[in-house]
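**Student:** Pasting structure.cif below, which is mmCIF, C-alpha atoms.
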```cif
data_final
#
loop_
_atom_site.group_PDB
_atom_site.id
_atom_site.type_symbol
_atom_site.label_atom_id
_atom_site.label_comp_id
_atom_site.auth_asym_id
_atom_site.auth_seq_id
_atom_site.Cartn_x
_atom_site.Cartn_y
_atom_site.Cartn_z
ATOM 1 C CA MET G 1 -20.457 -5.622 16.590
ATOM 2 C CA LYS G 2 -20.077 -4.184 13.115
ATOM 3 C CA VAL G 3 -16.787 -4.296 11.193
ATOM 4 C CA LYS G 4 -15.735 -3.344 7.684
ATOM 5 C CA VAL G 5 -13.993 -6.095 5.721
ATOM 6 C CA LEU G 6 -11.857 -5.519 2.617
ATOM 7 C CA PHE G 7 -10.439 -8.006 0.104
ATOM 8 C CA PHE G 8 -7.534 -7.300 -2.241
ATOM 9 C CA ALA G 9 -5.926 -8.717 -5.377
ATOM 10 C CA GLY G 10 -6.447 -12.414 -6.097
ATOM 11 C CA LEU G 11 -8.698 -12.797 -3.054
ATOM 12 C CA ARG G 12 -11.063 -10.117 -4.312
ATOM 13 C CA GLU G 13 -11.254 -11.803 -7.704
ATOM 14 C CA GLN G 14 -11.897 -15.271 -6.285
ATOM 15 C CA LEU G 15 -14.584 -14.002 -3.912
ATOM 16 C CA GLY G 16 -16.119 -11.616 -6.441
ATOM 17 C CA ALA G 17 -16.257 -8.951 -3.732
ATOM 18 C CA ALA G 18 -14.101 -5.948 -2.779
ATOM 19 C CA GLY G 19 -15.509 -5.700 0.714
ATOM 20 C CA GLU G 20 -18.577 -5.411 2.931
ATOM 21 C CA GLU G 21 -19.936 -4.140 6.223
ATOM 22 C CA LEU G 22 -20.458 -7.104 8.467
ATOM 23 C CA GLU G 23 -22.440 -7.619 11.674
ATOM 24 C CA LEU G 24 -20.479 -10.227 13.611
ATOM 25 C CA PRO G 25 -22.278 -12.938 15.573
ATOM 26 C CA ALA G 26 -21.551 -13.173 19.287
ATOM 27 C CA GLY G 27 -18.338 -15.052 19.883
ATOM 28 C CA VAL G 28 -16.564 -13.796 16.771
ATOM 29 C CA ALA G 29 -14.201 -11.346 18.439
ATOM 30 C CA THR G 30 -10.770 -11.996 16.931
ATOM 31 C CA VAL G 31 -9.265 -11.842 13.451
ATOM 32 C CA GLY G 32 -8.862 -15.634 13.476
ATOM 33 C CA ALA G 33 -12.511 -16.162 14.432
ATOM 34 C CA LEU G 34 -13.585 -13.765 11.675
ATOM 35 C CA ARG G 35 -11.575 -15.723 9.116
ATOM 36 C CA LYS G 36 -13.273 -18.987 10.186
ATOM 37 C CA HIS G 37 -16.653 -17.228 10.092
ATOM 38 C CA LEU G 38 -16.004 -16.223 6.468
ATOM 39 C CA GLU G 39 -14.728 -19.706 5.588
ATOM 40 C CA ARG G 40 -18.006 -21.206 6.789
ATOM 41 C CA ARG G 41 -19.887 -19.386 4.029
ATOM 42 C CA GLY G 42 -18.703 -22.228 1.803
ATOM 43 C CA GLY G 43 -17.951 -22.221 -1.931
ATOM 44 C CA ALA G 44 -15.247 -19.721 -2.913
ATOM 45 C CA TRP G 45 -15.122 -18.462 0.723
ATOM 46 C CA GLU G 46 -14.259 -21.937 1.984
ATOM 47 C CA SER G 47 -11.584 -22.345 -0.671
ATOM 48 C CA VAL G 48 -9.994 -18.894 -0.150
ATOM 49 C CA PHE G 49 -9.927 -19.023 3.663
ATOM 50 C CA ALA G 50 -9.085 -22.701 4.156
ATOM 51 C CA GLU G 51 -6.618 -23.035 7.003
ATOM 52 C CA LYS G 52 -3.695 -24.068 4.812
ATOM 53 C CA ARG G 53 -4.064 -21.084 2.478
ATOM 54 C CA LEU G 54 -1.664 -18.171 3.027
ATOM 55 C CA VAL G 55 -3.826 -15.150 3.776
ATOM 56 C CA ARG G 56 -2.433 -11.998 5.378
ATOM 57 C CA VAL G 57 -4.551 -9.700 7.504
ATOM 58 C CA ALA G 58 -4.387 -6.036 8.442
ATOM 59 C CA LEU G 59 -6.442 -4.499 11.253
ATOM 60 C CA ASN G 60 -6.969 -0.731 10.923
ATOM 61 C CA GLN G 61 -4.090 -0.675 8.436
ATOM 62 C CA ASP G 62 -1.556 -2.432 10.682
ATOM 63 C CA MET G 63 -0.494 -6.036 10.041
ATOM 64 C CA ALA G 64 -2.374 -8.301 12.436
ATOM 65 C CA SER G 65 -2.416 -11.919 13.573
ATOM 66 C CA PRO G 66 -5.230 -14.415 14.255
ATOM 67 C CA ALA G 67 -5.193 -13.498 17.949
ATOM 68 C CA SER G 68 -5.772 -9.768 17.308
ATOM 69 C CA ALA G 69 -8.949 -8.614 19.038
ATOM 70 C CA LEU G 70 -11.720 -6.910 17.061
ATOM 71 C CA ARG G 71 -13.634 -3.802 18.154
ATOM 72 C CA SER G 72 -16.750 -2.224 16.727
ATOM 73 C CA GLY G 73 -15.977 -0.101 13.655
ATOM 74 C CA ASP G 74 -12.675 -1.853 12.897
ATOM 75 C CA GLU G 75 -11.413 -2.177 9.319
ATOM 76 C CA VAL G 76 -10.109 -5.677 8.560
ATOM 77 C CA ALA G 77 -8.347 -6.341 5.256
ATOM 78 C CA PHE G 78 -7.550 -9.793 3.893
ATOM 79 C CA PHE G 79 -4.986 -10.206 1.127
ATOM 80 C CA PRO G 80 -2.383 -12.510 -0.416
ATOM 81 C CA PRO G 81 1.318 -12.182 0.506
ATOM 82 C CA VAL G 82 2.467 -8.842 -0.880
ATOM 83 C CA THR G 83 4.454 -8.410 -4.095
ATOM 84 C CA GLY G 84 5.386 -4.735 -4.325
ATOM 85 C CA GLY G 85 8.740 -3.085 -4.758
ATOM 86 C CA MET M 1 11.148 12.328 4.953
ATOM 87 C CA LYS M 2 8.984 11.992 1.865
ATOM 88 C CA VAL M 3 6.785 8.985 1.163
ATOM 89 C CA CYS M 4 4.579 9.070 -1.930
ATOM 90 C CA VAL M 5 2.353 6.413 -3.447
ATOM 91 C CA GLN M 6 1.259 7.664 -6.835
ATOM 92 C CA ARG M 7 0.410 6.797 -10.422
ATOM 93 C CA GLU M 8 2.791 9.350 -11.903
ATOM 94 C CA ASP M 9 6.396 8.717 -12.858
ATOM 95 C CA PHE M 10 9.222 10.297 -10.851
ATOM 96 C CA ASP M 11 12.606 11.804 -11.730
ATOM 97 C CA LEU M 12 15.632 10.454 -9.862
ATOM 98 C CA THR M 13 17.757 13.589 -10.311
ATOM 99 C CA THR M 14 15.021 15.827 -8.914
ATOM 100 C CA GLU M 15 14.540 13.581 -5.885
ATOM 101 C CA VAL M 16 18.295 13.287 -5.202
ATOM 102 C CA ARG M 17 18.696 17.068 -5.423
ATOM 103 C CA ARG M 18 15.830 17.528 -2.975
ATOM 104 C CA ILE M 19 17.656 15.603 -0.208
ATOM 105 C CA SER M 20 21.156 16.968 -0.877
ATOM 106 C CA GLY M 21 20.947 19.210 2.151
ATOM 107 C CA GLU M 22 23.105 22.218 2.932
ATOM 108 C CA GLY M 23 26.580 20.868 3.608
ATOM 109 C CA LYS M 24 26.113 18.046 6.125
ATOM 110 C CA VAL M 25 25.024 15.373 3.621
ATOM 111 C CA GLY M 26 28.054 13.568 2.177
ATOM 112 C CA ALA M 27 26.351 10.531 0.691
ATOM 113 C CA ILE M 28 23.123 9.729 -1.131
ATOM 114 C CA ALA M 29 22.395 6.074 -1.934
ATOM 115 C CA SER M 30 19.476 5.310 -4.207
ATOM 116 C CA PHE M 31 17.601 2.367 -5.718
ATOM 117 C CA VAL M 32 15.192 2.364 -8.662
ATOM 118 C CA GLY M 33 13.023 -0.702 -9.387
ATOM 119 C CA LEU M 34 11.865 -1.194 -12.976
ATOM 120 C CA VAL M 35 9.326 -3.261 -14.873
ATOM 121 C CA ARG M 36 11.210 -5.849 -16.946
ATOM 122 C CA ASP M 37 9.586 -7.392 -20.020
ATOM 123 C CA VAL M 38 5.989 -8.041 -18.952
ATOM 124 C CA PRO M 39 3.390 -5.230 -18.581
ATOM 125 C CA MET M 40 1.666 -5.206 -15.211
ATOM 126 C CA THR M 41 -1.065 -3.696 -13.093
ATOM 127 C CA LEU M 42 -0.037 -2.707 -9.584
ATOM 128 C CA GLU M 43 -2.818 -2.751 -6.995
ATOM 129 C CA HIS M 44 -2.411 -1.309 -3.506
ATOM 130 C CA TYR M 45 -4.235 -0.799 -0.212
ATOM 131 C CA ALA M 46 -4.566 2.984 -0.252
ATOM 132 C CA GLY M 47 -3.741 4.456 3.157
ATOM 133 C CA MET M 48 -1.912 1.414 4.464
ATOM 134 C CA THR M 49 0.829 1.633 1.828
ATOM 135 C CA GLU M 50 1.932 5.123 2.855
ATOM 136 C CA ARG M 51 1.658 4.221 6.523
ATOM 137 C CA GLU M 52 3.616 0.992 6.224
ATOM 138 C CA ILE M 53 6.387 2.548 4.120
ATOM 139 C CA GLY M 54 6.592 5.402 6.647
ATOM 140 C CA LYS M 55 7.064 2.850 9.446
ATOM 141 C CA ILE M 56 9.812 1.078 7.509
ATOM 142 C CA VAL M 57 11.682 4.362 6.907
ATOM 143 C CA GLU M 58 11.371 5.236 10.615
ATOM 144 C CA GLU M 59 12.828 1.835 11.487
ATOM 145 C CA ALA M 60 15.761 2.518 9.146
ATOM 146 C CA ALA M 61 16.296 5.918 10.780
ATOM 147 C CA ARG M 62 16.493 4.212 14.201
ATOM 148 C CA ARG M 63 19.178 1.818 12.994
ATOM 149 C CA TRP M 64 21.302 4.067 10.771
ATOM 150 C CA GLN M 65 22.112 7.721 10.346
ATOM 151 C CA VAL M 66 19.390 8.904 7.973
ATOM 152 C CA MET M 67 19.502 12.649 7.408
ATOM 153 C CA ASP M 68 16.718 12.550 4.856
ATOM 154 C CA ALA M 69 14.831 9.869 2.924
ATOM 155 C CA THR M 70 12.520 9.633 -0.065
ATOM 156 C CA VAL M 71 10.436 6.636 -1.062
ATOM 157 C CA ILE M 72 8.146 6.833 -4.085
ATOM 158 C CA HIS M 73 6.122 3.801 -5.167
ATOM 159 C CA ARG M 74 3.864 3.834 -8.178
ATOM 160 C CA PHE M 75 0.642 1.953 -8.797
ATOM 161 C CA GLY M 76 -1.644 1.406 -11.791
ATOM 162 C CA GLU M 77 -0.787 0.211 -15.306
ATOM 163 C CA LEU M 78 2.954 -0.065 -15.936
ATOM 164 C CA GLN M 79 4.824 -1.019 -19.120
ATOM 165 C CA PRO M 80 8.226 -2.647 -19.711
ATOM 166 C CA THR M 81 11.099 -0.304 -18.671
ATOM 167 C CA ASP M 82 8.766 1.860 -16.555
ATOM 168 C CA GLN M 83 10.027 2.888 -13.137
ATOM 169 C CA ILE M 84 8.118 1.310 -10.233
ATOM 170 C CA VAL M 85 9.841 2.396 -7.034
ATOM 171 C CA LEU M 86 12.500 4.793 -5.769
ATOM 172 C CA VAL M 87 14.350 4.712 -2.446
ATOM 173 C CA ALA M 88 16.876 7.520 -1.838
ATOM 174 C CA ILE M 89 18.728 8.008 1.455
ATOM 175 C CA ALA M 90 20.903 10.940 2.506
ATOM 176 C CA SER M 91 23.546 10.462 5.197
ATOM 177 C CA ALA M 92 26.878 11.928 6.224
ATOM 178 C CA HIS M 93 28.710 8.824 4.964
ATOM 179 C CA ARG M 94 28.124 6.014 2.497
ATOM 180 C CA ARG M 95 27.931 2.989 4.806
ATOM 181 C CA ASP M 96 24.713 4.124 6.494
ATOM 182 C CA ALA M 97 23.232 5.398 3.238
ATOM 183 C CA PHE M 98 23.765 2.051 1.440
ATOM 184 C CA ALA M 99 22.583 -0.051 4.408
ATOM 185 C CA ALA M 100 19.417 1.987 5.031
ATOM 186 C CA CYS M 101 18.550 1.935 1.330
ATOM 187 C CA GLU M 102 18.898 -1.847 1.048
ATOM 188 C CA PHE M 103 17.055 -2.445 4.343
ATOM 189 C CA ILE M 104 14.098 -0.309 3.218
ATOM 190 C CA MET M 105 13.839 -2.189 -0.088
ATOM 191 C CA ASP M 106 14.025 -5.610 1.610
ATOM 192 C CA TYR M 107 11.314 -4.666 4.122
ATOM 193 C CA LEU M 108 9.146 -2.946 1.504
ATOM 194 C CA LYS M 109 9.166 -6.142 -0.618
ATOM 195 C CA THR M 110 7.649 -8.154 2.258
ATOM 196 C CA ARG M 111 5.459 -5.595 4.059
ATOM 197 C CA ALA M 112 4.106 -2.875 1.786
ATOM 198 C CA PRO M 113 0.606 -3.867 0.608
ATOM 199 C CA PHE M 114 1.043 -3.854 -3.158
ATOM 200 C CA TRP M 115 0.187 -6.708 -5.547
ATOM 201 C CA LYS M 116 1.404 -7.136 -9.109
ATOM 202 C CA LYS M 117 -0.684 -8.642 -11.887
ATOM 203 C CA GLU M 118 1.287 -9.527 -15.004
ATOM 204 C CA HIS M 119 -0.339 -9.335 -18.425
ATOM 205 C CA ARG M 120 1.088 -12.001 -20.686
ATOM 206 C CA ALA M 121 -0.092 -13.196 -24.100
ATOM 207 C CA GLU M 122 -1.681 -16.279 -22.504
ATOM 208 C CA GLY M 123 -3.567 -14.148 -19.953
ATOM 209 C CA ALA M 124 -3.269 -12.122 -16.741
ATOM 210 C CA ARG M 125 -1.698 -13.705 -13.675
ATOM 211 C CA TRP M 126 -1.010 -12.456 -10.134
ATOM 212 C CA VAL M 127 2.684 -12.610 -9.250
ATOM 213 C CA GLU M 128 3.468 -14.978 -6.365
ATOM 214 C CA ALA M 129 5.401 -13.744 -3.324
ATOM 215 C CA ARG M 130 8.952 -15.129 -3.177
ATOM 216 C CA GLU M 131 10.594 -16.980 -0.321
ATOM 217 C CA SER M 132 13.873 -15.241 -1.248
ATOM 218 C CA ASP M 133 12.268 -11.886 -0.369
ATOM 219 C CA ASP M 134 11.286 -13.197 3.080
ATOM 220 C CA GLU M 135 14.820 -14.492 3.566
ATOM 221 C CA ALA M 136 16.271 -11.112 2.528
ATOM 222 C CA ALA M 137 14.114 -9.310 5.093
ATOM 223 C CA LYS M 138 15.083 -11.769 7.845
ATOM 224 C CA ARG M 139 18.801 -11.097 7.556
ATOM 225 C CA TRP M 140 18.366 -7.602 8.964
#
```
Would you mind writing the structure in this file as structure tokens?

**Tutor:**
Amino acid sequence: MKVKVLFFAGLREQLGAAGEELELPAGVATVGALRKHLERRGGAWESVFAEKRLVRVALNQDMASPASALRSGDEVAFFPPVTGG
Amino acid sequence: MKVCVQREDFDLTTEVRRISGEGKVGAIASFVGLVRDVPMTLEHYAGMTEREIGKIVEEAARRWQVMDATVIHRFGELQPTDQIVLVAIASAHRRDAFAACEFIMDYLKTRAPFWKKEHRAEGARWVEARESDDEAAKRW
């Protein structure tokens, strides 16, 4: 299935990418699995998405958790803890 | 209810007047957040910011008497003393107005997808989220 991934703030800078359209391999069907899939790219991806790093996720513009299920056409955004206000 | 995410500055008096109502509003509580002494760039997740702030205001309206509410949050390049955010709540009485205003600010600090990048002489640096903000949100 195809999903759109977005990266914000410090994450975007470390990865050198604002986002991409991604065809997910079979078996990658949750937010948590997607994060691990990205981590496996290695280099900056491994460092940004390492398990101990605090990364927040939104699915279709609602805060999500690792267990959140993905559907074709979903928009998944990864970002650092927020600092607005 | 008005929720705006915008580059432009806002005027507190104008926004307070807008929610003054026609005789039932007895209290308006407001908060303005400012940039202190370091210029910054505010990034946001367009679409989600308005949505998330809207959800927070709706939550406040479930818990307190909110007759009207305005939240304006800016993004882009901001300089020392610039206004960043406004929360204004209209209610019949002050207790609900104050509580809803503070609640919205505490939740906005931990949930609204904005990120601040400070520009200091030694370079630009992303501001780190604070544990004290998480604690403030938890107490509600």

**Student:** Assuming the chain letters and numbering stay as they are in my file, what does the PyMOL selection byres ((chain M and resi 99-115) around 8) actually select? List them as a PDB file with C-alpha atoms, keeping the file's coordinate frame.

**Tutor:**
```pdb
ATOM      1  CA  ALA G   9      -5.926  -8.717  -5.377  1.00  0.00           C
ATOM      2  CA  PRO G  81       1.318 -12.182   0.506  1.00  0.00           C
ATOM      3  CA  VAL G  82       2.467  -8.842  -0.880  1.00  0.00           C
ATOM      4  CA  THR G  83       4.454  -8.410  -4.095  1.00  0.00           C
ATOM      5  CA  GLY G  84       5.386  -4.735  -4.325  1.00  0.00           C
ATOM      6  CA  GLY G  85       8.740  -3.085  -4.758  1.00  0.00           C
TER       7      GLY G  85
ATOM      8  CA  ALA M  29      22.395   6.074  -1.934  1.00  0.00           C
ATOM      9  CA  SER M  30      19.476   5.310  -4.207  1.00  0.00           C
ATOM     10  CA  PHE M  31      17.601   2.367  -5.718  1.00  0.00           C
ATOM     11  CA  LEU M  42      -0.037  -2.707  -9.584  1.00  0.00           C
ATOM     12  CA  GLU M  43      -2.818  -2.751  -6.995  1.00  0.00           C
ATOM     13  CA  HIS M  44      -2.411  -1.309  -3.506  1.00  0.00           C
ATOM     14  CA  TYR M  45      -4.235  -0.799  -0.212  1.00  0.00           C
ATOM     15  CA  MET M  48      -1.912   1.414   4.464  1.00  0.00           C
ATOM     16  CA  THR M  49       0.829   1.633   1.828  1.00  0.00           C
ATOM     17  CA  GLU M  52       3.616   0.992   6.224  1.00  0.00           C
ATOM     18  CA  ILE M  53       6.387   2.548   4.120  1.00  0.00           C
ATOM     19  CA  ILE M  56       9.812   1.078   7.509  1.00  0.00           C
ATOM     20  CA  VAL M  57      11.682   4.362   6.907  1.00  0.00           C
ATOM     21  CA  ALA M  60      15.761   2.518   9.146  1.00  0.00           C
ATOM     22  CA  ALA M  61      16.296   5.918  10.780  1.00  0.00           C
ATOM     23  CA  ARG M  63      19.178   1.818  12.994  1.00  0.00           C
ATOM     24  CA  TRP M  64      21.302   4.067  10.771  1.00  0.00           C
ATOM     25  CA  VAL M  66      19.390   8.904   7.973  1.00  0.00           C
ATOM     26  CA  VAL M  87      14.350   4.712  -2.446  1.00  0.00           C
ATOM     27  CA  ALA M  88      16.876   7.520  -1.838  1.00  0.00           C
ATOM     28  CA  ILE M  89      18.728   8.008   1.455  1.00  0.00           C
ATOM     29  CA  ARG M  95      27.931   2.989   4.806  1.00  0.00           C
ATOM     30  CA  ASP M  96      24.713   4.124   6.494  1.00  0.00           C
ATOM     31  CA  ALA M  97      23.232   5.398   3.238  1.00  0.00           C
ATOM     32  CA  PHE M  98      23.765   2.051   1.440  1.00  0.00           C
ATOM     33  CA  LYS M 116       1.404  -7.136  -9.109  1.00  0.00           C
ATOM     34  CA  LYS M 117      -0.684  -8.642 -11.887  1.00  0.00           C
ATOM     35  CA  TRP M 126      -1.010 -12.456 -10.134  1.00  0.00           C
ATOM     36  CA  VAL M 127       2.684 -12.610  -9.250  1.00  0.00           C
ATOM     37  CA  ASP M 133      12.268 -11.886  -0.369  1.00  0.00           C
ATOM     38  CA  ASP M 134      11.286 -13.197   3.080  1.00  0.00           C
ATOM     39  CA  ALA M 136      16.271 -11.112   2.528  1.00  0.00           C
ATOM     40  CA  ALA M 137      14.114  -9.310   5.093  1.00  0.00           C
ATOM     41  CA  TRP M 140      18.366  -7.602   8.964  1.00  0.00           C
TER      42      TRP M 140
END
```

**Student:** Please find the residues of chain G near chain M - the criterion being any atom within 12 Å, counting all atoms listed in the file - and write them as an NGL selection string.

**Tutor:** :G and (6-14 or 18 or 54-64 or 75-85)

**Student:** I want to know what sits within 9 Å of G:Leu15, based on only C-alpha atoms, with residues of the same chain fewer than 6 positions away left out; could you give that as a PyMOL selection string?

**Tutor:** chain G and resi 7+44-45+48

**Student:** Go through G:Lys2, G:Leu22, G:Ala69, G:Glu51 and flag the residue nearest G:Glu39, using only C-alpha atoms for the distances.

**Tutor:**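 Result for the nearest residue to G:Glu39: G:Glu51.
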
**Student:** Would you list the residues near (22.4, 17.0, 7.7) (no more than 8 Å away, in the coordinates of the file, using all atoms listed in the file) as a VMD selection string?

**Tutor:** chain M and resid 21 to 25 67 to 68 91 to 92

**Student:** Draw an axis-aligned box tight on the listed atoms of stretch 64-69 of chain G, then pad every side by 5 Å and write out centre and edge lengths in Å to one decimal as lines of an AutoDock Vina configuration file.

**Tutor:**
```
center_x = -5.7
center_y = -11.4
center_z = 15.7
size_x = 16.6
size_y = 16.1
size_z = 16.6
```
